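Undergrad: File coords_39.cif below, mmCIF, N, CA and C atoms:
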```cif
data_query
loop_
_atom_site.label_atom_id
_atom_site.label_comp_id
_atom_site.auth_asym_id
_atom_site.auth_seq_id
_atom_site.Cartn_x
_atom_site.Cartn_y
_atom_site.Cartn_z
N MET A 1 16.70 34.62 -10.06
CA MET A 1 15.75 33.85 -10.83
C MET A 1 16.40 32.56 -11.35
N ALA A 2 17.65 32.62 -11.80
CA ALA A 2 18.33 31.45 -12.33
C ALA A 2 18.53 30.39 -11.25
N ILE A 3 18.84 30.80 -10.04
CA ILE A 3 19.03 29.85 -8.94
C ILE A 3 17.69 29.17 -8.61
N GLY A 4 16.62 29.95 -8.61
CA GLY A 4 15.29 29.38 -8.36
C GLY A 4 14.91 28.35 -9.40
N THR A 5 15.23 28.62 -10.66
CA THR A 5 14.93 27.69 -11.74
C THR A 5 15.74 26.41 -11.57
N VAL A 6 17.01 26.54 -11.21
CA VAL A 6 17.86 25.38 -11.01
C VAL A 6 17.33 24.54 -9.85
N LEU A 7 16.95 25.17 -8.76
CA LEU A 7 16.43 24.43 -7.61
C LEU A 7 15.12 23.72 -7.96
N LEU A 8 14.28 24.37 -8.73
CA LEU A 8 13.03 23.75 -9.16
C LEU A 8 13.32 22.52 -10.02
N MET A 9 14.26 22.63 -10.94
CA MET A 9 14.62 21.50 -11.81
C MET A 9 15.19 20.35 -10.99
N VAL A 10 16.04 20.65 -10.02
CA VAL A 10 16.60 19.61 -9.16
C VAL A 10 15.48 18.90 -8.39
N ALA A 11 14.53 19.67 -7.88
CA ALA A 11 13.41 19.08 -7.14
C ALA A 11 12.58 18.17 -8.04
N ILE A 12 12.30 18.61 -9.25
CA ILE A 12 11.51 17.82 -10.19
C ILE A 12 12.23 16.52 -10.54
N VAL A 13 13.50 16.61 -10.87
CA VAL A 13 14.28 15.41 -11.22
C VAL A 13 14.35 14.46 -10.03
N SER A 14 14.52 15.01 -8.85
CA SER A 14 14.58 14.19 -7.64
C SER A 14 13.28 13.42 -7.45
N CYS A 15 12.16 14.09 -7.61
CA CYS A 15 10.86 13.42 -7.47
C CYS A 15 10.66 12.37 -8.53
N LEU A 16 10.97 12.69 -9.76
CA LEU A 16 10.79 11.73 -10.85
C LEU A 16 11.68 10.52 -10.68
N SER A 17 12.91 10.73 -10.25
CA SER A 17 13.81 9.59 -10.10
C SER A 17 13.36 8.70 -8.94
N SER A 18 12.79 9.27 -7.88
CA SER A 18 12.33 8.43 -6.79
C SER A 18 11.14 7.60 -7.23
N PHE A 19 10.22 8.15 -8.03
CA PHE A 19 9.10 7.37 -8.53
C PHE A 19 9.57 6.33 -9.53
N ALA A 20 10.60 6.65 -10.32
CA ALA A 20 11.11 5.69 -11.29
C ALA A 20 11.71 4.48 -10.60
N ASN A 21 12.20 4.64 -9.38
CA ASN A 21 12.81 3.55 -8.63
C ASN A 21 11.85 2.90 -7.64
N ALA A 22 10.58 3.16 -7.77
CA ALA A 22 9.61 2.61 -6.83
C ALA A 22 9.60 1.09 -6.89
N ALA A 23 9.46 0.48 -5.71
CA ALA A 23 9.37 -0.97 -5.64
C ALA A 23 8.00 -1.41 -6.11
N GLN A 24 7.93 -2.60 -6.67
CA GLN A 24 6.67 -3.11 -7.19
C GLN A 24 6.36 -4.46 -6.57
N GLY A 25 5.09 -4.80 -6.53
CA GLY A 25 4.68 -6.08 -5.98
C GLY A 25 3.23 -6.36 -6.31
N LEU A 26 2.65 -7.31 -5.60
CA LEU A 26 1.26 -7.69 -5.82
C LEU A 26 0.44 -7.29 -4.60
N ALA A 27 -0.65 -6.57 -4.85
CA ALA A 27 -1.57 -6.19 -3.78
C ALA A 27 -2.87 -6.94 -3.95
N VAL A 28 -3.46 -7.33 -2.83
CA VAL A 28 -4.78 -7.94 -2.79
C VAL A 28 -5.60 -7.14 -1.78
N TYR A 29 -6.86 -7.50 -1.60
CA TYR A 29 -7.66 -6.79 -0.61
C TYR A 29 -8.48 -7.74 0.23
N TYR A 30 -8.93 -7.25 1.36
CA TYR A 30 -9.80 -8.03 2.23
C TYR A 30 -10.96 -7.16 2.69
N PRO A 31 -12.16 -7.76 2.75
CA PRO A 31 -13.34 -6.99 3.15
C PRO A 31 -13.37 -6.80 4.67
N PRO A 32 -14.14 -5.82 5.13
CA PRO A 32 -14.26 -5.63 6.59
C PRO A 32 -15.04 -6.78 7.22
N ARG A 33 -14.77 -7.01 8.50
CA ARG A 33 -15.52 -7.99 9.29
C ARG A 33 -16.41 -7.19 10.24
N ASN A 34 -17.69 -7.41 10.18
CA ASN A 34 -18.64 -6.67 11.03
C ASN A 34 -18.48 -5.16 10.90
N ASN A 35 -18.27 -4.70 9.66
CA ASN A 35 -18.15 -3.29 9.32
C ASN A 35 -16.91 -2.60 9.90
N ASN A 36 -15.87 -3.39 10.18
CA ASN A 36 -14.59 -2.80 10.61
C ASN A 36 -13.46 -3.77 10.28
N TYR A 37 -12.25 -3.37 10.58
CA TYR A 37 -11.08 -4.20 10.32
C TYR A 37 -10.44 -4.64 11.63
N LEU A 38 -11.26 -5.19 12.51
CA LEU A 38 -10.81 -5.62 13.84
C LEU A 38 -11.09 -7.11 13.99
N PRO A 39 -10.31 -7.82 14.79
CA PRO A 39 -9.08 -7.37 15.42
C PRO A 39 -7.93 -7.38 14.42
N SER A 40 -6.84 -6.75 14.81
CA SER A 40 -5.64 -6.76 13.98
C SER A 40 -4.47 -7.28 14.81
N LYS A 41 -3.48 -7.81 14.13
CA LYS A 41 -2.30 -8.37 14.80
C LYS A 41 -1.53 -7.29 15.56
N CYS A 42 -1.50 -6.07 15.01
CA CYS A 42 -0.71 -5.00 15.63
C CYS A 42 -1.43 -4.30 16.78
N TYR A 43 -2.75 -4.12 16.64
CA TYR A 43 -3.47 -3.25 17.58
C TYR A 43 -4.67 -3.90 18.26
N GLY A 44 -4.86 -5.19 18.08
CA GLY A 44 -5.99 -5.85 18.72
C GLY A 44 -7.30 -5.24 18.28
N TYR A 45 -8.07 -4.72 19.24
CA TYR A 45 -9.39 -4.16 18.94
C TYR A 45 -9.38 -2.63 18.85
N GLN A 46 -8.22 -2.03 18.75
CA GLN A 46 -8.13 -0.57 18.55
C GLN A 46 -8.49 -0.26 17.10
N ASP A 47 -9.44 0.65 16.90
CA ASP A 47 -9.89 1.00 15.56
C ASP A 47 -8.89 1.95 14.90
N ASN A 48 -8.38 1.56 13.75
CA ASN A 48 -7.45 2.40 12.98
C ASN A 48 -8.06 2.88 11.68
N GLY A 49 -9.37 2.81 11.58
CA GLY A 49 -10.05 3.31 10.39
C GLY A 49 -10.07 2.31 9.26
N TRP A 50 -10.29 2.85 8.06
CA TRP A 50 -10.47 2.02 6.87
C TRP A 50 -9.28 2.05 5.91
N MET A 51 -8.34 2.95 6.12
CA MET A 51 -7.16 3.03 5.24
C MET A 51 -6.02 2.24 5.89
N VAL A 52 -6.21 0.92 5.92
CA VAL A 52 -5.28 0.04 6.62
C VAL A 52 -4.84 -1.09 5.70
N ALA A 53 -3.83 -1.81 6.14
CA ALA A 53 -3.31 -2.93 5.35
C ALA A 53 -2.63 -3.94 6.25
N GLY A 54 -2.55 -5.15 5.75
CA GLY A 54 -1.72 -6.19 6.33
C GLY A 54 -0.54 -6.38 5.40
N VAL A 55 0.57 -6.85 5.93
CA VAL A 55 1.75 -7.07 5.09
C VAL A 55 2.22 -8.51 5.21
N SER A 56 2.90 -8.96 4.17
CA SER A 56 3.41 -10.33 4.10
C SER A 56 4.71 -10.46 4.87
N ASP A 57 5.23 -11.68 4.89
CA ASP A 57 6.51 -11.94 5.56
C ASP A 57 7.62 -11.03 5.06
N ALA A 58 7.58 -10.67 3.76
CA ALA A 58 8.63 -9.83 3.18
C ALA A 58 8.72 -8.47 3.88
N LEU A 59 7.62 -8.01 4.47
CA LEU A 59 7.58 -6.70 5.12
C LEU A 59 7.37 -6.76 6.62
N TRP A 60 6.86 -7.85 7.12
CA TRP A 60 6.43 -7.96 8.50
C TRP A 60 7.56 -7.71 9.49
N ASN A 61 8.70 -8.33 9.28
CA ASN A 61 9.90 -8.12 10.11
C ASN A 61 9.58 -8.30 11.60
N ASN A 62 8.99 -9.43 11.93
CA ASN A 62 8.63 -9.75 13.32
C ASN A 62 7.81 -8.66 14.01
N GLY A 63 6.94 -8.00 13.26
CA GLY A 63 6.07 -6.98 13.83
C GLY A 63 6.59 -5.56 13.74
N ALA A 64 7.82 -5.39 13.27
CA ALA A 64 8.38 -4.03 13.16
C ALA A 64 7.62 -3.18 12.15
N ALA A 65 6.86 -3.82 11.27
CA ALA A 65 6.09 -3.08 10.25
C ALA A 65 4.86 -2.39 10.85
N CYS A 66 4.44 -2.78 12.04
CA CYS A 66 3.24 -2.20 12.65
C CYS A 66 3.36 -0.68 12.74
N GLY A 67 2.33 0.00 12.25
CA GLY A 67 2.30 1.46 12.32
C GLY A 67 2.93 2.17 11.15
N ARG A 68 3.71 1.46 10.34
CA ARG A 68 4.31 2.11 9.16
C ARG A 68 3.21 2.52 8.20
N ARG A 69 3.46 3.60 7.50
CA ARG A 69 2.50 4.08 6.49
C ARG A 69 3.17 3.99 5.12
N TYR A 70 2.40 3.48 4.16
CA TYR A 70 2.89 3.34 2.79
C TYR A 70 1.97 4.08 1.83
N ARG A 71 2.57 4.77 0.87
CA ARG A 71 1.81 5.35 -0.24
C ARG A 71 1.80 4.30 -1.34
N VAL A 72 0.61 3.88 -1.77
CA VAL A 72 0.45 2.78 -2.72
C VAL A 72 -0.29 3.29 -3.95
N ARG A 73 0.20 2.89 -5.13
CA ARG A 73 -0.41 3.28 -6.40
C ARG A 73 -0.53 2.06 -7.30
N CYS A 74 -1.68 1.91 -7.93
CA CYS A 74 -1.91 0.81 -8.88
C CYS A 74 -1.15 1.10 -10.17
N ILE A 75 -0.44 0.10 -10.68
CA ILE A 75 0.27 0.27 -11.96
C ILE A 75 -0.16 -0.75 -13.00
N GLY A 76 -1.09 -1.65 -12.64
CA GLY A 76 -1.58 -2.61 -13.61
C GLY A 76 -2.31 -3.75 -12.96
N GLY A 77 -3.04 -4.48 -13.74
CA GLY A 77 -3.78 -5.62 -13.24
C GLY A 77 -2.92 -6.86 -13.12
N ALA A 78 -3.35 -7.75 -12.27
CA ALA A 78 -2.65 -9.03 -12.10
C ALA A 78 -3.43 -10.16 -12.78
N ASN A 79 -4.49 -9.78 -13.48
CA ASN A 79 -5.29 -10.77 -14.21
C ASN A 79 -5.66 -10.18 -15.57
N ALA A 80 -6.68 -10.72 -16.20
CA ALA A 80 -7.02 -10.30 -17.57
C ALA A 80 -7.88 -9.04 -17.65
N ALA A 81 -8.21 -8.41 -16.55
CA ALA A 81 -9.04 -7.20 -16.58
C ALA A 81 -8.32 -6.12 -17.39
N PRO A 82 -9.02 -5.46 -18.32
CA PRO A 82 -8.35 -4.52 -19.22
C PRO A 82 -7.80 -3.24 -18.57
N HIS A 83 -8.54 -2.61 -17.68
CA HIS A 83 -8.10 -1.34 -17.08
C HIS A 83 -8.52 -1.25 -15.62
N PRO A 84 -7.84 -1.98 -14.74
CA PRO A 84 -8.29 -2.00 -13.34
C PRO A 84 -7.90 -0.76 -12.53
N CYS A 85 -6.88 -0.03 -12.96
CA CYS A 85 -6.35 1.06 -12.14
C CYS A 85 -7.17 2.34 -12.23
N LYS A 86 -7.18 3.05 -11.11
CA LYS A 86 -7.73 4.40 -11.04
C LYS A 86 -6.56 5.35 -10.81
N ALA A 87 -6.77 6.62 -11.12
CA ALA A 87 -5.72 7.62 -10.92
C ALA A 87 -5.50 7.84 -9.43
N GLY A 88 -4.30 8.25 -9.09
CA GLY A 88 -4.00 8.62 -7.70
C GLY A 88 -3.37 7.50 -6.90
N SER A 89 -3.25 7.76 -5.62
CA SER A 89 -2.63 6.81 -4.70
C SER A 89 -3.35 6.90 -3.35
N VAL A 90 -3.05 5.95 -2.49
CA VAL A 90 -3.59 5.97 -1.14
C VAL A 90 -2.44 5.82 -0.15
N VAL A 91 -2.67 6.30 1.05
CA VAL A 91 -1.72 6.09 2.14
C VAL A 91 -2.41 5.17 3.14
N VAL A 92 -1.77 4.04 3.40
CA VAL A 92 -2.35 3.06 4.33
C VAL A 92 -1.41 2.83 5.51
N LYS A 93 -2.01 2.48 6.63
CA LYS A 93 -1.26 2.17 7.85
C LYS A 93 -1.23 0.66 8.02
N VAL A 94 -0.06 0.10 8.31
CA VAL A 94 0.06 -1.33 8.55
C VAL A 94 -0.49 -1.64 9.94
N VAL A 95 -1.53 -2.48 9.96
CA VAL A 95 -2.16 -2.87 11.22
C VAL A 95 -2.21 -4.38 11.40
N ASP A 96 -1.83 -5.12 10.35
CA ASP A 96 -2.04 -6.57 10.42
C ASP A 96 -0.94 -7.33 9.71
N TYR A 97 -0.88 -8.61 10.02
CA TYR A 97 0.05 -9.55 9.40
C TYR A 97 -0.72 -10.39 8.41
N CYS A 98 -0.21 -10.51 7.21
CA CYS A 98 -0.85 -11.27 6.15
C CYS A 98 -0.03 -12.52 5.89
N ARG A 99 -0.52 -13.64 6.36
CA ARG A 99 0.20 -14.90 6.15
C ARG A 99 0.19 -15.25 4.66
N SER A 100 0.88 -16.27 4.30
CA SER A 100 1.04 -16.65 2.90
C SER A 100 -0.28 -16.89 2.17
N VAL A 101 -1.36 -17.14 2.88
CA VAL A 101 -2.63 -17.40 2.22
C VAL A 101 -3.24 -16.15 1.58
N CYS A 102 -2.67 -14.98 1.81
CA CYS A 102 -3.25 -13.77 1.21
C CYS A 102 -2.79 -13.58 -0.23
N TYR A 103 -1.75 -14.27 -0.66
CA TYR A 103 -1.28 -14.26 -2.04
C TYR A 103 -0.80 -12.90 -2.54
N GLY A 104 -0.35 -12.04 -1.67
CA GLY A 104 0.16 -10.74 -2.09
C GLY A 104 1.25 -10.26 -1.17
N ASP A 105 1.91 -9.20 -1.58
CA ASP A 105 2.92 -8.58 -0.73
C ASP A 105 2.27 -7.67 0.30
N ILE A 106 1.14 -7.07 -0.11
CA ILE A 106 0.40 -6.19 0.78
C ILE A 106 -1.09 -6.49 0.60
N ASN A 107 -1.80 -6.55 1.71
CA ASN A 107 -3.22 -6.87 1.71
C ASN A 107 -3.97 -5.61 2.16
N LEU A 108 -4.47 -4.86 1.19
CA LEU A 108 -5.14 -3.59 1.48
C LEU A 108 -6.56 -3.83 1.97
N SER A 109 -7.07 -2.91 2.79
CA SER A 109 -8.49 -2.95 3.10
C SER A 109 -9.23 -2.80 1.78
N GLN A 110 -10.42 -3.36 1.71
CA GLN A 110 -11.19 -3.25 0.47
C GLN A 110 -11.44 -1.79 0.12
N TYR A 111 -11.64 -0.95 1.14
CA TYR A 111 -11.87 0.48 0.89
C TYR A 111 -10.64 1.13 0.26
N ALA A 112 -9.45 0.88 0.80
CA ALA A 112 -8.22 1.45 0.24
C ALA A 112 -8.01 0.96 -1.18
N PHE A 113 -8.19 -0.34 -1.40
CA PHE A 113 -8.04 -0.92 -2.73
C PHE A 113 -8.99 -0.24 -3.72
N SER A 114 -10.24 -0.02 -3.29
CA SER A 114 -11.25 0.56 -4.18
C SER A 114 -10.93 1.99 -4.59
N GLN A 115 -10.07 2.66 -3.84
CA GLN A 115 -9.70 4.03 -4.17
C GLN A 115 -8.69 4.09 -5.32
N ILE A 116 -7.94 2.99 -5.52
CA ILE A 116 -6.90 2.98 -6.55
C ILE A 116 -7.16 1.97 -7.67
N ALA A 117 -8.15 1.08 -7.48
CA ALA A 117 -8.44 0.07 -8.49
C ALA A 117 -9.90 -0.35 -8.41
N ASP A 118 -10.39 -0.90 -9.50
CA ASP A 118 -11.76 -1.40 -9.57
C ASP A 118 -11.82 -2.77 -8.91
N VAL A 119 -12.53 -2.88 -7.79
CA VAL A 119 -12.61 -4.17 -7.09
C VAL A 119 -13.32 -5.23 -7.94
N ASN A 120 -14.13 -4.81 -8.89
CA ASN A 120 -14.82 -5.76 -9.76
C ASN A 120 -13.91 -6.33 -10.84
N ALA A 121 -12.73 -5.76 -11.00
CA ALA A 121 -11.79 -6.22 -12.01
C ALA A 121 -10.95 -7.39 -11.52
N GLY A 122 -11.09 -7.76 -10.26
CA GLY A 122 -10.31 -8.85 -9.71
C GLY A 122 -9.66 -8.45 -8.41
N LYS A 123 -9.24 -9.43 -7.68
CA LYS A 123 -8.73 -9.17 -6.34
C LYS A 123 -7.26 -8.75 -6.30
N GLY A 124 -6.51 -8.98 -7.35
CA GLY A 124 -5.09 -8.65 -7.33
C GLY A 124 -4.73 -7.52 -8.27
N LEU A 125 -3.69 -6.78 -7.93
CA LEU A 125 -3.18 -5.74 -8.82
C LEU A 125 -1.70 -5.58 -8.59
N LYS A 126 -1.04 -5.06 -9.62
CA LYS A 126 0.38 -4.73 -9.50
C LYS A 126 0.44 -3.32 -8.92
N PHE A 127 1.36 -3.10 -8.01
CA PHE A 127 1.44 -1.80 -7.37
C PHE A 127 2.88 -1.37 -7.18
N GLU A 128 3.04 -0.09 -6.88
CA GLU A 128 4.33 0.41 -6.43
C GLU A 128 4.07 1.19 -5.16
N ALA A 129 5.05 1.23 -4.29
CA ALA A 129 4.83 1.90 -3.01
C ALA A 129 6.13 2.41 -2.41
N PHE A 130 5.98 3.41 -1.57
CA PHE A 130 7.06 3.99 -0.78
C PHE A 130 6.61 4.10 0.65
N LEU A 131 7.55 4.06 1.58
CA LEU A 131 7.23 4.43 2.95
C LEU A 131 6.75 5.87 2.90
N PHE A 132 5.64 6.17 3.50
CA PHE A 132 5.06 7.50 3.45
C PHE A 132 5.99 8.47 4.18
N GLY A 133 6.33 9.56 3.50
CA GLY A 133 7.20 10.56 4.08
C GLY A 133 8.68 10.26 3.88
N GLU A 134 8.98 9.17 3.25
CA GLU A 134 10.36 8.81 2.97
C GLU A 134 10.48 8.44 1.50
N GLU A 135 11.69 8.38 0.99
CA GLU A 135 11.87 8.05 -0.41
C GLU A 135 12.48 6.68 -0.60
N LYS A 136 12.47 5.85 0.44
CA LYS A 136 13.07 4.54 0.24
C LYS A 136 12.04 3.50 -0.12
N MET A 137 12.47 2.55 -0.91
CA MET A 137 11.59 1.48 -1.34
C MET A 137 11.38 0.50 -0.20
N PHE A 138 10.26 -0.22 -0.23
CA PHE A 138 10.04 -1.17 0.85
C PHE A 138 10.05 -2.61 0.42
N ILE A 139 9.98 -2.90 -0.86
CA ILE A 139 10.09 -4.29 -1.32
C ILE A 139 11.20 -4.34 -2.35
N LYS A 140 12.09 -5.25 -2.20
CA LYS A 140 13.17 -5.41 -3.18
C LYS A 140 13.06 -6.79 -3.76
N HIS A 141 12.66 -6.87 -5.03
CA HIS A 141 12.55 -8.17 -5.72
C HIS A 141 13.75 -8.37 -6.57
#
```
Re-express the file's structure as structure tokens.
TA:
Amino acid sequence: MAIGTVLLMVAIVSCLSSFANAAQGLAVYYPPRNNNYLPSKCYGYQDNGWMVAGVSDALWNNGAACGRRYRVRCIGGANAAPHPCKAGSVVVKVVDYCRSVCYGDINLSQYAFSQIADVNAGKGLKFEAFLFGEEKMFIKH
């Protein structure tokens, strides 16, 4: 029983420390075009659903970001909205490249954004994220 308790405590501390070290950045969103998110830089006209994102130069890495999945969580607003965040997180797949005109580190589909934040509170939010299934950070500021 004592070994089980120790292992449980180690697991909890490990999880908490990985979330405490989460990278942070600015997320924005984009609406669907013709009821989908096509075409995309990574997959052309292949439909990858609604839980998708584009990434900025900081993450793009000459297209190496294509197909990566990130768990994203809202941690605050980027404007004067009082409480833009919703509980929980989303997992999105990188399908597109977001040039500098997107004004964020990650450009979530409007649907993904709406799951973690109020879209009526403004287009930008502060977020933290990890590569899905891994504990390493993806943005280092």
Undergrad: On this structure, which residues satisfy the PyMOL selection byres (((chain A and resi 89 and name CA) around 10) and name CA), written as a PyMOL selection string?
TA: chain A and resi 70-74+86-88+90-92+112-113+115-117+127-129
Undergrad: Looking at A:Ala121, A:Val52, A:Ile106, A:Ala58, which one is nearest to Pro84 (chain A), with distances taken over only C-alpha atoms?
TA: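 Checking each of A:Ala121, A:Val52, A:Ile106, A:Ala58 against Pro84 (chain A), counting only C-alpha atoms, the winner is A:Ala121.
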Undergrad: Do you have the CA of Asp105 (chain A)-CA of Gly54 (chain A) distance handy?
TA: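 Between CA of Asp105 (chain A) and CA of Gly54 (chain A) the gap is 8.8 Å.
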Undergrad: Using CA of Ala81 (chain A) and atom C of Ala27 (chain A) as the two end points, give the distance in Å to one decimal.
TA: 14.1 Å
Undergrad: Quick one: distance from CA of Gly49 (chain A) to CA of Ser109 (chain A) in Å, one decimal?
TA: 9.7 Å
Undergrad: Take the PyMOL selection byres (((chain A and resi 56 and name CA) around 6) and name CA), apply it to the structure above, and return the hits as a ChimeraX atom specification.
TA: /A:55,57-60,98-99,105
Undergrad: Please write the residues picked by the PyMOL selection byres (((chain A and resi 131 and name CA) around 6) and name CA) on this file as a PDB file with N, CA and C atoms, in the frame of the given file.
TA:
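Below is the file that was written, expr.pdb:
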```
ATOM      1  N   ARG A  69       3.460   3.600   7.500  1.00  0.00           N
ATOM      2  CA  ARG A  69       2.500   4.080   6.490  1.00  0.00           C
ATOM      3  C   ARG A  69       3.170   3.990   5.120  1.00  0.00           C
ATOM      4  N   TYR A  70       2.400   3.480   4.160  1.00  0.00           N
ATOM      5  CA  TYR A  70       2.890   3.340   2.790  1.00  0.00           C
ATOM      6  C   TYR A  70       1.970   4.080   1.830  1.00  0.00           C
ATOM      7  N   PHE A 130       5.980   3.410  -1.570  1.00  0.00           N
ATOM      8  CA  PHE A 130       7.060   3.990  -0.780  1.00  0.00           C
ATOM      9  C   PHE A 130       6.610   4.100   0.650  1.00  0.00           C
ATOM     10  N   PHE A 132       5.640   6.170   3.500  1.00  0.00           N
ATOM     11  CA  PHE A 132       5.060   7.500   3.450  1.00  0.00           C
ATOM     12  C   PHE A 132       5.990   8.470   4.180  1.00  0.00           C
ATOM     13  N   GLU A 134       8.980   9.170   3.250  1.00  0.00           N
ATOM     14  CA  GLU A 134      10.360   8.810   2.970  1.00  0.00           C
ATOM     15  C   GLU A 134      10.480   8.440   1.500  1.00  0.00           C
TER      16      GLU A 134
END
```
Undergrad: Using only N, CA and C atoms, which of A:Leu26, A:Val95, A:Val119, A:Leu125 sits nearest Lys41 (chain A)?
TA: A:Val95
